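As stored in model.csv (CSV, C-alpha atoms and all ligand atoms):
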chain,number,residue,atom,x,y,z
A,1,MET,CA,32.3,46.9,-37.7
A,2,SER,CA,35.4,44.7,-38.0
A,3,LEU,CA,33.9,41.3,-37.0
A,4,THR,CA,31.2,39.4,-38.8
A,5,LEU,CA,29.9,36.0,-37.5
A,6,TYR,CA,28.3,33.7,-40.0
A,7,TYR,CA,26.0,31.5,-38.0
A,8,HIS,CA,22.5,30.2,-37.2
A,9,PRO,CA,20.9,30.8,-33.8
A,10,LEU,CA,19.9,27.1,-33.5
A,11,SER,CA,23.3,25.7,-34.4
A,12,SER,CA,25.0,24.0,-31.5
A,13,PHE,CA,28.5,24.7,-32.7
A,14,CYS,CA,27.6,28.3,-33.3
A,15,TRP,CA,26.6,28.6,-29.7
A,16,LYS,CA,30.2,27.9,-28.6
A,17,SER,CA,31.5,30.9,-30.5
A,18,LEU,CA,28.4,33.1,-29.6
A,19,ILE,CA,28.8,32.5,-25.9
A,20,ALA,CA,32.5,33.6,-26.1
A,21,LEU,CA,31.5,36.8,-28.1
A,22,TYR,CA,28.7,37.7,-25.6
A,23,ASP,CA,30.7,36.7,-22.5
A,24,ALA,CA,33.6,39.0,-23.6
A,25,ASP,CA,31.2,41.7,-24.8
A,26,ILE,CA,32.8,41.9,-28.2
A,27,PRO,CA,30.8,43.7,-30.8
A,28,PHE,CA,30.2,41.9,-34.1
A,29,GLU,CA,27.8,41.9,-37.1
A,30,PRO,CA,25.6,38.9,-36.9
A,31,ARG,CA,25.0,37.3,-40.3
A,32,ILE,CA,22.4,34.5,-40.1
A,33,VAL,CA,23.0,31.9,-42.8
A,34,ASN,CA,20.0,29.9,-44.2
A,35,LEU,CA,21.7,26.8,-45.5
A,36,GLY,CA,18.3,25.7,-46.9
A,37,ASP,CA,18.4,28.6,-49.3
A,38,PRO,CA,20.6,27.7,-52.3
A,39,ASP,CA,21.6,31.3,-52.9
A,40,ASP,CA,22.5,31.9,-49.3
A,41,ARG,CA,24.4,28.6,-49.1
A,42,ALA,CA,26.4,29.5,-52.3
A,43,ALA,CA,27.2,33.0,-50.9
A,44,PHE,CA,28.4,31.4,-47.6
A,45,ALA,CA,30.5,28.8,-49.5
A,46,LYS,CA,32.4,31.7,-51.0
A,47,VAL,CA,33.4,32.7,-47.4
A,48,TRP,CA,34.2,29.1,-46.3
A,49,PRO,CA,34.0,26.3,-48.9
A,50,LEU,CA,32.7,23.6,-46.4
A,51,ALA,CA,29.7,25.9,-45.8
A,52,LYS,CA,29.7,24.8,-42.1
A,53,PHE,CA,29.2,27.4,-39.4
A,54,PRO,CA,30.3,29.2,-37.3
A,55,VAL,CA,32.8,31.3,-39.3
A,56,LEU,CA,34.2,34.5,-38.1
A,57,ARG,CA,35.4,37.2,-40.6
A,58,ASP,CA,37.7,39.9,-39.3
A,59,GLU,CA,37.9,42.6,-42.0
A,60,ALA,CA,40.4,44.6,-40.1
A,61,ARG,CA,42.9,41.8,-40.1
A,62,GLY,CA,41.8,40.2,-43.3
A,63,GLN,CA,41.2,36.9,-41.6
A,64,THR,CA,38.5,34.2,-42.0
A,65,ILE,CA,38.3,32.0,-39.0
A,66,PRO,CA,36.3,28.7,-39.3
A,67,GLU,CA,35.7,26.1,-36.5
A,68,SER,CA,34.0,27.0,-33.3
A,69,SER,CA,37.0,26.3,-31.0
A,70,ILE,CA,39.4,28.3,-33.2
A,71,VAL,CA,37.0,31.2,-33.2
A,72,VAL,CA,37.2,31.2,-29.4
A,73,GLU,CA,41.0,30.9,-29.6
A,74,TYR,CA,41.1,33.9,-32.1
A,75,LEU,CA,39.0,36.0,-29.8
A,76,ALA,CA,41.2,35.1,-26.8
A,77,GLN,CA,44.3,36.0,-28.8
A,78,HIS,CA,43.1,39.4,-30.0
A,79,TYR,CA,40.6,40.8,-27.5
A,80,PRO,CA,41.8,41.4,-23.9
A,81,SER,CA,38.2,40.9,-22.6
A,82,ALA,CA,38.3,37.3,-24.0
A,83,ALA,CA,41.8,36.4,-23.0
A,84,SER,CA,40.8,34.3,-20.0
A,85,LEU,CA,38.7,32.0,-22.2
A,86,VAL,CA,41.9,30.2,-23.1
A,87,PRO,CA,44.2,30.3,-20.0
A,88,ALA,CA,47.6,31.7,-20.6
A,89,ASP,CA,49.2,29.1,-18.3
A,90,PRO,CA,50.3,26.3,-20.6
A,91,ASP,CA,49.0,23.4,-18.4
A,92,ALA,CA,45.7,25.1,-17.8
A,93,GLY,CA,45.4,26.1,-21.5
A,94,ARG,CA,46.0,22.5,-22.5
A,95,GLN,CA,43.4,21.3,-20.1
A,96,ALA,CA,40.8,23.7,-21.4
A,97,ARG,CA,41.5,22.6,-24.9
A,98,LEU,CA,41.4,18.9,-23.9
A,99,LEU,CA,38.0,19.4,-22.3
A,100,ASP,CA,36.7,21.3,-25.4
A,101,ARG,CA,37.9,18.4,-27.6
A,102,LEU,CA,36.6,15.6,-25.4
A,103,ILE,CA,33.2,17.3,-25.1
A,104,ASP,CA,32.9,17.8,-28.9
A,105,SER,CA,34.2,14.3,-29.7
A,106,TYR,CA,32.4,12.2,-27.1
A,107,ILE,CA,29.2,14.1,-26.4
A,108,HIS,CA,28.4,16.7,-29.1
A,109,LEU,CA,29.2,14.6,-32.2
A,110,PRO,CA,27.5,11.4,-31.0
A,111,PHE,CA,24.5,13.4,-30.1
A,112,GLN,CA,24.4,14.9,-33.6
A,113,GLY,CA,24.2,11.3,-34.9
A,114,ILE,CA,21.0,10.8,-32.9
A,115,VAL,CA,19.5,13.9,-34.3
A,116,SER,CA,20.5,12.9,-37.9
A,117,GLU,CA,18.5,9.7,-37.5
A,118,ARG,CA,15.3,11.8,-36.9
A,119,LEU,CA,15.9,13.6,-40.1
A,120,ARG,CA,16.6,10.4,-42.1
A,121,PRO,CA,13.8,9.3,-44.5
A,122,GLU,CA,11.9,6.1,-43.8
A,123,GLY,CA,13.8,3.1,-45.3
A,124,GLU,CA,17.1,4.7,-44.4
A,125,LYS,CA,16.9,4.5,-40.6
A,126,ASP,CA,19.8,3.2,-38.7
A,127,PRO,CA,18.6,2.0,-35.2
A,128,PHE,CA,21.8,0.2,-34.5
A,129,GLY,CA,23.8,3.3,-35.2
A,130,VAL,CA,21.5,5.3,-32.9
A,131,GLU,CA,21.9,2.8,-30.1
A,132,GLN,CA,25.7,3.1,-30.5
A,133,ALA,CA,25.5,6.9,-30.4
A,134,ARG,CA,23.3,6.8,-27.3
A,135,GLY,CA,25.9,4.6,-25.6
A,136,LYS,CA,28.7,7.0,-26.6
A,137,VAL,CA,26.9,10.0,-25.2
A,138,GLY,CA,26.5,8.2,-21.9
A,139,GLN,CA,30.2,7.3,-21.9
A,140,GLY,CA,31.0,10.9,-22.7
A,141,TYR,CA,29.0,12.0,-19.6
A,142,ASP,CA,30.9,9.5,-17.5
A,143,LEU,CA,34.1,10.8,-18.8
A,144,ILE,CA,33.4,14.5,-18.4
A,145,ALA,CA,31.6,14.5,-15.1
A,146,PRO,CA,34.6,13.9,-12.8
A,147,MET,CA,36.7,16.4,-14.9
A,148,ILE,CA,34.4,19.4,-14.1
A,149,ALA,CA,36.2,21.3,-11.4
A,150,GLY,CA,33.3,23.5,-10.5
A,151,PRO,CA,31.8,26.0,-10.6
A,152,TRP,CA,33.0,26.0,-14.1
A,153,ALA,CA,34.9,23.3,-16.0
A,154,MET,CA,38.3,24.7,-15.1
A,155,GLY,CA,37.3,26.0,-11.7
A,156,GLU,CA,36.7,29.6,-11.0
A,157,THR,CA,37.4,30.9,-14.5
A,158,PHE,CA,34.9,30.6,-17.3
A,159,THR,CA,36.8,29.2,-20.4
A,160,LEU,CA,36.6,27.7,-23.8
A,161,ALA,CA,35.6,24.4,-22.1
A,162,ASP,CA,32.5,25.9,-20.8
A,163,CYS,CA,31.6,27.5,-24.1
A,164,ALA,CA,31.9,23.9,-25.6
A,165,ALA,CA,30.0,22.2,-22.7
A,166,LEU,CA,26.8,24.3,-22.9
A,167,PRO,CA,25.7,23.3,-26.4
A,168,ALA,CA,26.7,19.7,-26.0
A,169,LEU,CA,25.0,19.2,-22.6
A,170,TYR,CA,22.0,21.4,-23.4
A,171,TYR,CA,21.1,19.5,-26.6
A,172,ALA,CA,22.3,16.0,-25.5
A,173,ASP,CA,20.1,16.2,-22.4
A,174,TYR,CA,17.1,15.9,-24.8
A,175,ALA,CA,18.3,12.5,-25.9
A,176,ILE,CA,20.0,11.1,-22.8
A,177,SER,CA,18.8,12.8,-19.7
A,178,LEU,CA,21.4,14.2,-17.4
A,179,ASP,CA,19.2,13.2,-14.4
A,180,ALA,CA,21.5,10.2,-13.8
A,181,TRP,CA,24.5,12.6,-13.7
A,182,PRO,CA,23.6,15.1,-11.0
A,183,LYS,CA,27.0,16.8,-11.2
A,184,LEU,CA,26.5,17.6,-14.9
A,185,ARG,CA,22.9,18.6,-14.3
A,186,GLY,CA,24.0,21.1,-11.7
A,187,TYR,CA,26.8,22.3,-14.0
A,188,LEU,CA,24.3,22.7,-16.9
A,189,ASP,CA,22.0,24.7,-14.6
A,190,ARG,CA,24.8,27.1,-13.7
A,191,LEU,CA,25.7,27.5,-17.4
A,192,LYS,CA,22.2,28.3,-18.3
A,193,ALA,CA,22.0,31.0,-15.7
A,194,ARG,CA,25.1,32.8,-17.0
A,195,PRO,CA,24.0,36.0,-18.9
A,196,SER,CA,26.0,35.2,-22.1
A,197,VAL,CA,24.4,31.7,-22.2
A,198,ALA,CA,20.9,33.0,-21.4
A,199,ARG,CA,21.2,35.4,-24.3
A,200,VAL,CA,22.2,32.7,-26.7
A,201,LEU,CA,19.3,30.5,-25.5
A,202,ALA,CA,16.8,33.4,-25.8
A,203,GLU,CA,17.9,34.2,-29.3
A,204,ALA,CA,17.5,30.5,-30.3
A,205,GLU,CA,14.0,30.2,-28.8
A,206,PRO,CA,12.1,31.3,-31.9
A,207,PHE,CA,13.8,28.6,-33.9
A,208,PHE,CA,13.4,25.7,-31.4
A,209,GLN,CA,10.3,24.5,-33.2
A,210,TYR,CA,12.7,23.2,-35.9
A,211,PHE,CA,14.8,21.1,-33.4
A,212,PRO,CA,13.8,17.5,-34.1
A,213,LEU,CA,13.9,16.3,-30.5
A,214,LYS,CA,12.2,19.3,-29.0
A,215,ASN,CA,8.8,17.5,-28.7
A,216,GLY,CA,10.1,14.0,-27.8
B,301,LIG,N1,33.9,21.2,-36.2
B,301,LIG,C1,33.0,22.3,-36.6
B,301,LIG,C2,31.6,21.7,-36.8
B,301,LIG,C3,30.7,22.8,-37.4
B,301,LIG,C4,29.3,22.2,-37.8
B,301,LIG,O1,29.2,20.9,-38.0
B,301,LIG,N2,28.3,23.0,-37.9
B,301,LIG,C5,27.0,22.5,-38.3
B,301,LIG,C6,25.9,23.3,-37.5
B,301,LIG,S1,26.0,22.8,-35.8
B,301,LIG,C7,26.8,22.9,-39.7
B,301,LIG,O2,27.3,23.8,-40.3
B,301,LIG,N3,26.0,22.0,-40.4
B,301,LIG,C8,25.6,22.2,-41.7
B,301,LIG,C9,26.1,21.2,-42.7
B,301,LIG,O3,26.8,20.3,-42.3
B,301,LIG,O4,25.7,21.3,-43.9
B,301,LIG,C10,33.0,23.4,-35.6
B,301,LIG,O5,33.4,23.2,-34.5
B,301,LIG,O6,32.7,24.6,-36.0
So that I can check it, write out the structure of this file as structure tokens.
Ligand SMILES: N[C@@H](CCC(=O)N[C@@H](CS)C(=O)NCC(=O)O)C(=O)O
Amino acid sequence: MSLTLYYHPLSSFCWKSLIALYDADIPFEPRIVNLGDPDDRAAFAKVWPLAKFPVLRDEARGQTIPESSIVVEYLAQHYPSAASLVPADPDAGRQARLLDRLIDSYIHLPFQGIVSERLRPEGEKDPFGVEQARGKVGQGYDLIAPMIAGPWAMGETFTLADCAALPALYYADYAISLDAWPKLRGYLDRLKARPSVARVLAEAEPFFQYFPLKNG
């Protein structure tokens, strides 16, 4: 098989790429990386020195593609079934990329700051940083909510922006409930019902016990 995805089923950024692969029905070899295993981490670092996933390896083209958004771009470029994930119209394409970037920067990354706090040892906690991160996630919701055209972020077409939105909203909802943002709650519910997303969530389920905010 030409494509290998280095990933972990619980990893939020990996979800962005996985949703695109499943949505476009593109076959690939799944290669789960255990970053907690020094040998596995070292082997993965030979593929991508930052050892951050997801990373797509395309043996047929001799290409290694890091970064979740760029993986989706690569699929859209090379696989007709994925082409609509990045709209060909320049204005629509720019808007999908903008949404992807805004969601990552102003929801996904601040949320990861909240999770990191849970993993920090006693004596190294940063409650001020967490409060700031919580405020940023709320600002991110405020920013994104009016930009969701519906039913999907860009309207009728499922795109890169939706692949980015699911992991960010799904996980951030555990820290800052979407209940005060009904438009985003409805959007998240639609995303969860999409078969590609449902598959990603089902595959993550056995690992959810390791998600620090799962039980409050
Ligand atoms: N900007 C990157 C972020 C990738 C990223 O931070 N992945 C996390 C998992 S969600 C990771 O590999 N963390 C392991 C580490 O930082 O050691 C992308 O979009 O792919």
Nearest to ligand LIG 301 (chain B) by atom-to-atom distance, counting all atoms listed in the file, from A:Gly93, A:Pro167, A:Pro87, A:Gln132: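 Among A:Gly93, A:Pro167, A:Pro87, A:Gln132, it is A:Pro167 that comes nearest to ligand LIG 301 (chain B).
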Have a look at atom CA of A:Ser69 and atom CA of A:Leu109 and let me know their distance in Å, one decimal.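 Between atom CA of A:Ser69 and atom CA of A:Leu109 the gap is 14.1 Å.
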Identify, counting all atoms listed in the file, the protein, DNA and RNA residues located within 6 Å of ligand LIG 301 (chain B), and give them as a VMD selection string. chain A and resid 11 to 13 52 to 54 67 to 69
Pairwise distance for atom CA of A:Glu29 and atom CA of A:Arg57, rounded to one decimal in Å: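 Taking atom CA of A:Glu29 and atom CA of A:Arg57, their separation equals 9.6 Å.
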Could you tell me which of A:Ala204, A:Val86, A:Ala45, A:Val71 comes closest to A:Asp162 if we count all atoms listed in the file?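 Counting all atoms listed in the file, the residue closest to A:Asp162 is A:Val86.
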Extract, using only C-alpha atoms, all DNA, RNA and protein residues at most 12 Å from stretch 141-157 of chain A, discarding same-chain residues fewer than 4 positions from it, and format them as a PyMOL selection string. chain A and resi 23+82-88+91-108+110-111+134-137+161-166+168-169+172-173+176-192+194
Keeping only C-alpha atoms, write those residues as a compact mmCIF listing (two decimals), in the frame of the given file.
# COMPACT_ATOMS: atom_id res chain seq x y z
CA ASP A 23 30.70 36.70 -22.50
CA ALA A 82 38.30 37.30 -24.00
CA ALA A 83 41.80 36.40 -23.00
CA SER A 84 40.80 34.30 -20.00
CA LEU A 85 38.70 32.00 -22.20
CA VAL A 86 41.90 30.20 -23.10
CA PRO A 87 44.20 30.30 -20.00
CA ALA A 88 47.60 31.70 -20.60
CA ASP A 91 49.00 23.40 -18.40
CA ALA A 92 45.70 25.10 -17.80
CA GLY A 93 45.40 26.10 -21.50
CA ARG A 94 46.00 22.50 -22.50
CA GLN A 95 43.40 21.30 -20.10
CA ALA A 96 40.80 23.70 -21.40
CA ARG A 97 41.50 22.60 -24.90
CA LEU A 98 41.40 18.90 -23.90
CA LEU A 99 38.00 19.40 -22.30
CA ASP A 100 36.70 21.30 -25.40
CA ARG A 101 37.90 18.40 -27.60
CA LEU A 102 36.60 15.60 -25.40
CA ILE A 103 33.20 17.30 -25.10
CA ASP A 104 32.90 17.80 -28.90
CA SER A 105 34.20 14.30 -29.70
CA TYR A 106 32.40 12.20 -27.10
CA ILE A 107 29.20 14.10 -26.40
CA HIS A 108 28.40 16.70 -29.10
CA PRO A 110 27.50 11.40 -31.00
CA PHE A 111 24.50 13.40 -30.10
CA ARG A 134 23.30 6.80 -27.30
CA GLY A 135 25.90 4.60 -25.60
CA LYS A 136 28.70 7.00 -26.60
CA VAL A 137 26.90 10.00 -25.20
CA ALA A 161 35.60 24.40 -22.10
CA ASP A 162 32.50 25.90 -20.80
CA CYS A 163 31.60 27.50 -24.10
CA ALA A 164 31.90 23.90 -25.60
CA ALA A 165 30.00 22.20 -22.70
CA LEU A 166 26.80 24.30 -22.90
CA ALA A 168 26.70 19.70 -26.00
CA LEU A 169 25.00 19.20 -22.60
CA ALA A 172 22.30 16.00 -25.50
CA ASP A 173 20.10 16.20 -22.40
CA ILE A 176 20.00 11.10 -22.80
CA SER A 177 18.80 12.80 -19.70
CA LEU A 178 21.40 14.20 -17.40
CA ASP A 179 19.20 13.20 -14.40
CA ALA A 180 21.50 10.20 -13.80
CA TRP A 181 24.50 12.60 -13.70
CA PRO A 182 23.60 15.10 -11.00
CA LYS A 183 27.00 16.80 -11.20
CA LEU A 184 26.50 17.60 -14.90
CA ARG A 185 22.90 18.60 -14.30
CA GLY A 186 24.00 21.10 -11.70
CA TYR A 187 26.80 22.30 -14.00
CA LEU A 188 24.30 22.70 -16.90
CA ASP A 189 22.00 24.70 -14.60
CA ARG A 190 24.80 27.10 -13.70
CA LEU A 191 25.70 27.50 -17.40
CA LYS A 192 22.20 28.30 -18.30
CA ARG A 194 25.10 32.80 -17.00
Rank A:Ala198, A:Phe207, A:His78, A:Leu10 by their smallest atom-to-atom distance to A:Ala60, using only C-alpha atoms, and report the top residue only.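 Among the listed residues, the smallest separation from A:Ala60 belongs to A:His78.
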Find the distance between atom CA of A:Tyr174 and atom CA of A:Gln139 and write it in Å to one decimal.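 We find that atom CA of A:Tyr174 and atom CA of A:Gln139 lie 15.9 Å from each other.
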Using all atoms listed in the file, find the one residue out of A:Val33, A:Leu75, A:Ala24, A:Ile70 that sits nearest to A:Val47. A:Val33
Name the residues in contact with A:Glu203 at a cut-off of 12 Å, using only C-alpha atoms, excluding same-chain residues fewer than 3 positions from it; report them as a list in words.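 Contacts, with the query itself left out: His8, Pro9, Leu10, Ser11, Trp15, Leu18, Ile19, Tyr22, Pro30, Ile32, Ser196, Val197, Ala198, Arg199, Val200, Pro206, Phe207 and Phe208 of chain A.
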Output file for the selection above: C-alpha atoms, as a PDB file, keeping the file's coordinate frame:
ATOM      1  CA  HIS A   8      22.500  30.200 -37.200  1.00  0.00           C
ATOM      2  CA  PRO A   9      20.900  30.800 -33.800  1.00  0.00           C
ATOM      3  CA  LEU A  10      19.900  27.100 -33.500  1.00  0.00           C
ATOM      4  CA  SER A  11      23.300  25.700 -34.400  1.00  0.00           C
ATOM      5  CA  TRP A  15      26.600  28.600 -29.700  1.00  0.00           C
ATOM      6  CA  LEU A  18      28.400  33.100 -29.600  1.00  0.00           C
ATOM      7  CA  ILE A  19      28.800  32.500 -25.900  1.00  0.00           C
ATOM      8  CA  TYR A  22      28.700  37.700 -25.600  1.00  0.00           C
ATOM      9  CA  PRO A  30      25.600  38.900 -36.900  1.00  0.00           C
ATOM     10  CA  ILE A  32      22.400  34.500 -40.100  1.00  0.00           C
ATOM     11  CA  SER A 196      26.000  35.200 -22.100  1.00  0.00           C
ATOM     12  CA  VAL A 197      24.400  31.700 -22.200  1.00  0.00           C
ATOM     13  CA  ALA A 198      20.900  33.000 -21.400  1.00  0.00           C
ATOM     14  CA  ARG A 199      21.200  35.400 -24.300  1.00  0.00           C
ATOM     15  CA  VAL A 200      22.200  32.700 -26.700  1.00  0.00           C
ATOM     16  CA  PRO A 206      12.100  31.300 -31.900  1.00  0.00           C
ATOM     17  CA  PHE A 207      13.800  28.600 -33.900  1.00  0.00           C
ATOM     18  CA  PHE A 208      13.400  25.700 -31.400  1.00  0.00           C
TER      19      PHE A 208
END
Find the residue from A:Leu21, A:Cys14, A:Ala133, A:Leu3 that sits nearest to A:Ser81; use all atoms listed in the file when measuring.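 So, comparing all the options, the nearest one is A:Leu21.
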Using all atoms listed in the file, can you tell me which of A:Leu35, A:Ile26, A:Ala43, A:Leu56 comes closest to A:Leu5?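 Selected residue with least distance to A:Leu5: A:Leu56.
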For stretch 123-133 of chain A, write all heavy atoms out as a JSON list (two decimals), in the first residue's frame.
[["chain", "number", "residue", "atom", "x", "y", "z"],
["A", 123, "GLY", "N", 3.36, 21.35, 42.26],
["A", 123, "GLY", "CA", 4.49, 22.27, 42.44],
["A", 123, "GLY", "C", 4.84, 22.98, 41.14],
["A", 123, "GLY", "O", 5.58, 23.96, 41.14],
["A", 124, "GLU", "N", 4.34, 22.45, 40.03],
["A", 124, "GLU", "CA", 4.63, 23.10, 38.73],
["A", 124, "GLU", "C", 3.32, 23.51, 38.04],
["A", 124, "GLU", "O", 3.28, 23.70, 36.82],
["A", 124, "GLU", "CB", 5.45, 22.17, 37.85],
["A", 124, "GLU", "CG", 6.86, 21.97, 38.38],
["A", 124, "GLU", "CD", 7.69, 21.05, 37.50],
["A", 124, "GLU", "OE1", 7.52, 21.10, 36.27],
["A", 124, "GLU", "OE2", 8.49, 20.30, 38.06],
["A", 125, "LYS", "N", 2.25, 23.62, 38.82],
["A", 125, "LYS", "CA", 0.96, 24.00, 38.24],
["A", 125, "LYS", "C", 0.97, 25.48, 37.88],
["A", 125, "LYS", "O", 1.71, 26.28, 38.45],
["A", 125, "LYS", "CB", -0.17, 23.71, 39.24],
["A", 125, "LYS", "CG", -0.29, 22.25, 39.64],
["A", 125, "LYS", "CD", -0.97, 21.44, 38.55],
["A", 125, "LYS", "CE", -1.21, 20.00, 39.01],
["A", 125, "LYS", "NZ", -1.60, 19.10, 37.93],
["A", 126, "ASP", "N", 0.10, 25.83, 36.92],
["A", 126, "ASP", "CA", 0.06, 27.21, 36.43],
["A", 126, "ASP", "C", -1.41, 27.64, 36.30],
["A", 126, "ASP", "O", -1.94, 27.77, 35.20],
["A", 126, "ASP", "CB", 0.78, 27.28, 35.08],
["A", 126, "ASP", "CG", 0.70, 28.67, 34.46],
["A", 126, "ASP", "OD1", 0.38, 29.65, 35.18],
["A", 126, "ASP", "OD2", 0.93, 28.78, 33.24],
["A", 127, "PRO", "N", -2.10, 27.88, 37.46],
["A", 127, "PRO", "CA", -3.53, 28.21, 37.39],
["A", 127, "PRO", "C", -3.80, 29.47, 36.58],
["A", 127, "PRO", "O", -4.82, 29.56, 35.89],
["A", 127, "PRO", "CB", -3.94, 28.38, 38.86],
["A", 127, "PRO", "CG", -2.70, 28.35, 39.67],
["A", 127, "PRO", "CD", -1.59, 27.78, 38.84],
["A", 128, "PHE", "N", -2.90, 30.45, 36.65],
["A", 128, "PHE", "CA", -3.10, 31.69, 35.87],
["A", 128, "PHE", "C", -3.09, 31.37, 34.37],
["A", 128, "PHE", "O", -3.96, 31.85, 33.62],
["A", 128, "PHE", "CB", -2.00, 32.70, 36.22],
["A", 128, "PHE", "CG", -2.09, 33.98, 35.44],
["A", 128, "PHE", "CD1", -3.13, 34.89, 35.68],
["A", 128, "PHE", "CD2", -1.16, 34.28, 34.45],
["A", 128, "PHE", "CE1", -3.22, 36.06, 34.94],
["A", 128, "PHE", "CE2", -1.26, 35.46, 33.71],
["A", 128, "PHE", "CZ", -2.29, 36.35, 33.96],
["A", 129, "GLY", "N", -2.13, 30.54, 33.96],
["A", 129, "GLY", "CA", -2.05, 30.16, 32.54],
["A", 129, "GLY", "C", -3.31, 29.41, 32.10],
["A", 129, "GLY", "O", -3.80, 29.60, 30.99],
["A", 130, "VAL", "N", -3.85, 28.58, 32.99],
["A", 130, "VAL", "CA", -5.06, 27.81, 32.65],
["A", 130, "VAL", "C", -6.24, 28.75, 32.50],
["A", 130, "VAL", "O", -7.04, 28.62, 31.56],
["A", 130, "VAL", "CB", -5.36, 26.74, 33.72],
["A", 130, "VAL", "CG1", -6.73, 26.12, 33.51],
["A", 130, "VAL", "CG2", -4.30, 25.66, 33.68],
["A", 131, "GLU", "N", -6.37, 29.73, 33.40],
["A", 131, "GLU", "CA", -7.47, 30.69, 33.30],
["A", 131, "GLU", "C", -7.38, 31.46, 31.99],
["A", 131, "GLU", "O", -8.39, 31.70, 31.31],
["A", 131, "GLU", "CB", -7.44, 31.67, 34.49],
["A", 131, "GLU", "CG", -8.55, 31.47, 35.52],
["A", 131, "GLU", "CD", -9.74, 30.61, 35.08],
["A", 131, "GLU", "OE1", -10.68, 31.14, 34.44],
["A", 131, "GLU", "OE2", -9.73, 29.41, 35.38],
["A", 132, "GLN", "N", -6.15, 31.84, 31.62],
["A", 132, "GLN", "CA", -5.95, 32.53, 30.34],
["A", 132, "GLN", "C", -6.38, 31.63, 29.17],
["A", 132, "GLN", "O", -7.06, 32.08, 28.24],
["A", 132, "GLN", "CB", -4.48, 32.91, 30.18],
["A", 132, "GLN", "CG", -4.09, 34.18, 30.93],
["A", 132, "GLN", "CD", -2.73, 34.65, 30.48],
["A", 132, "GLN", "OE1", -1.82, 33.85, 30.30],
["A", 132, "GLN", "NE2", -2.57, 35.94, 30.31],
["A", 133, "ALA", "N", -5.96, 30.36, 29.24],
["A", 133, "ALA", "CA", -6.29, 29.43, 28.15],
["A", 133, "ALA", "C", -7.81, 29.23, 28.06],
["A", 133, "ALA", "O", -8.37, 29.19, 26.96],
["A", 133, "ALA", "CB", -5.58, 28.10, 28.38]]
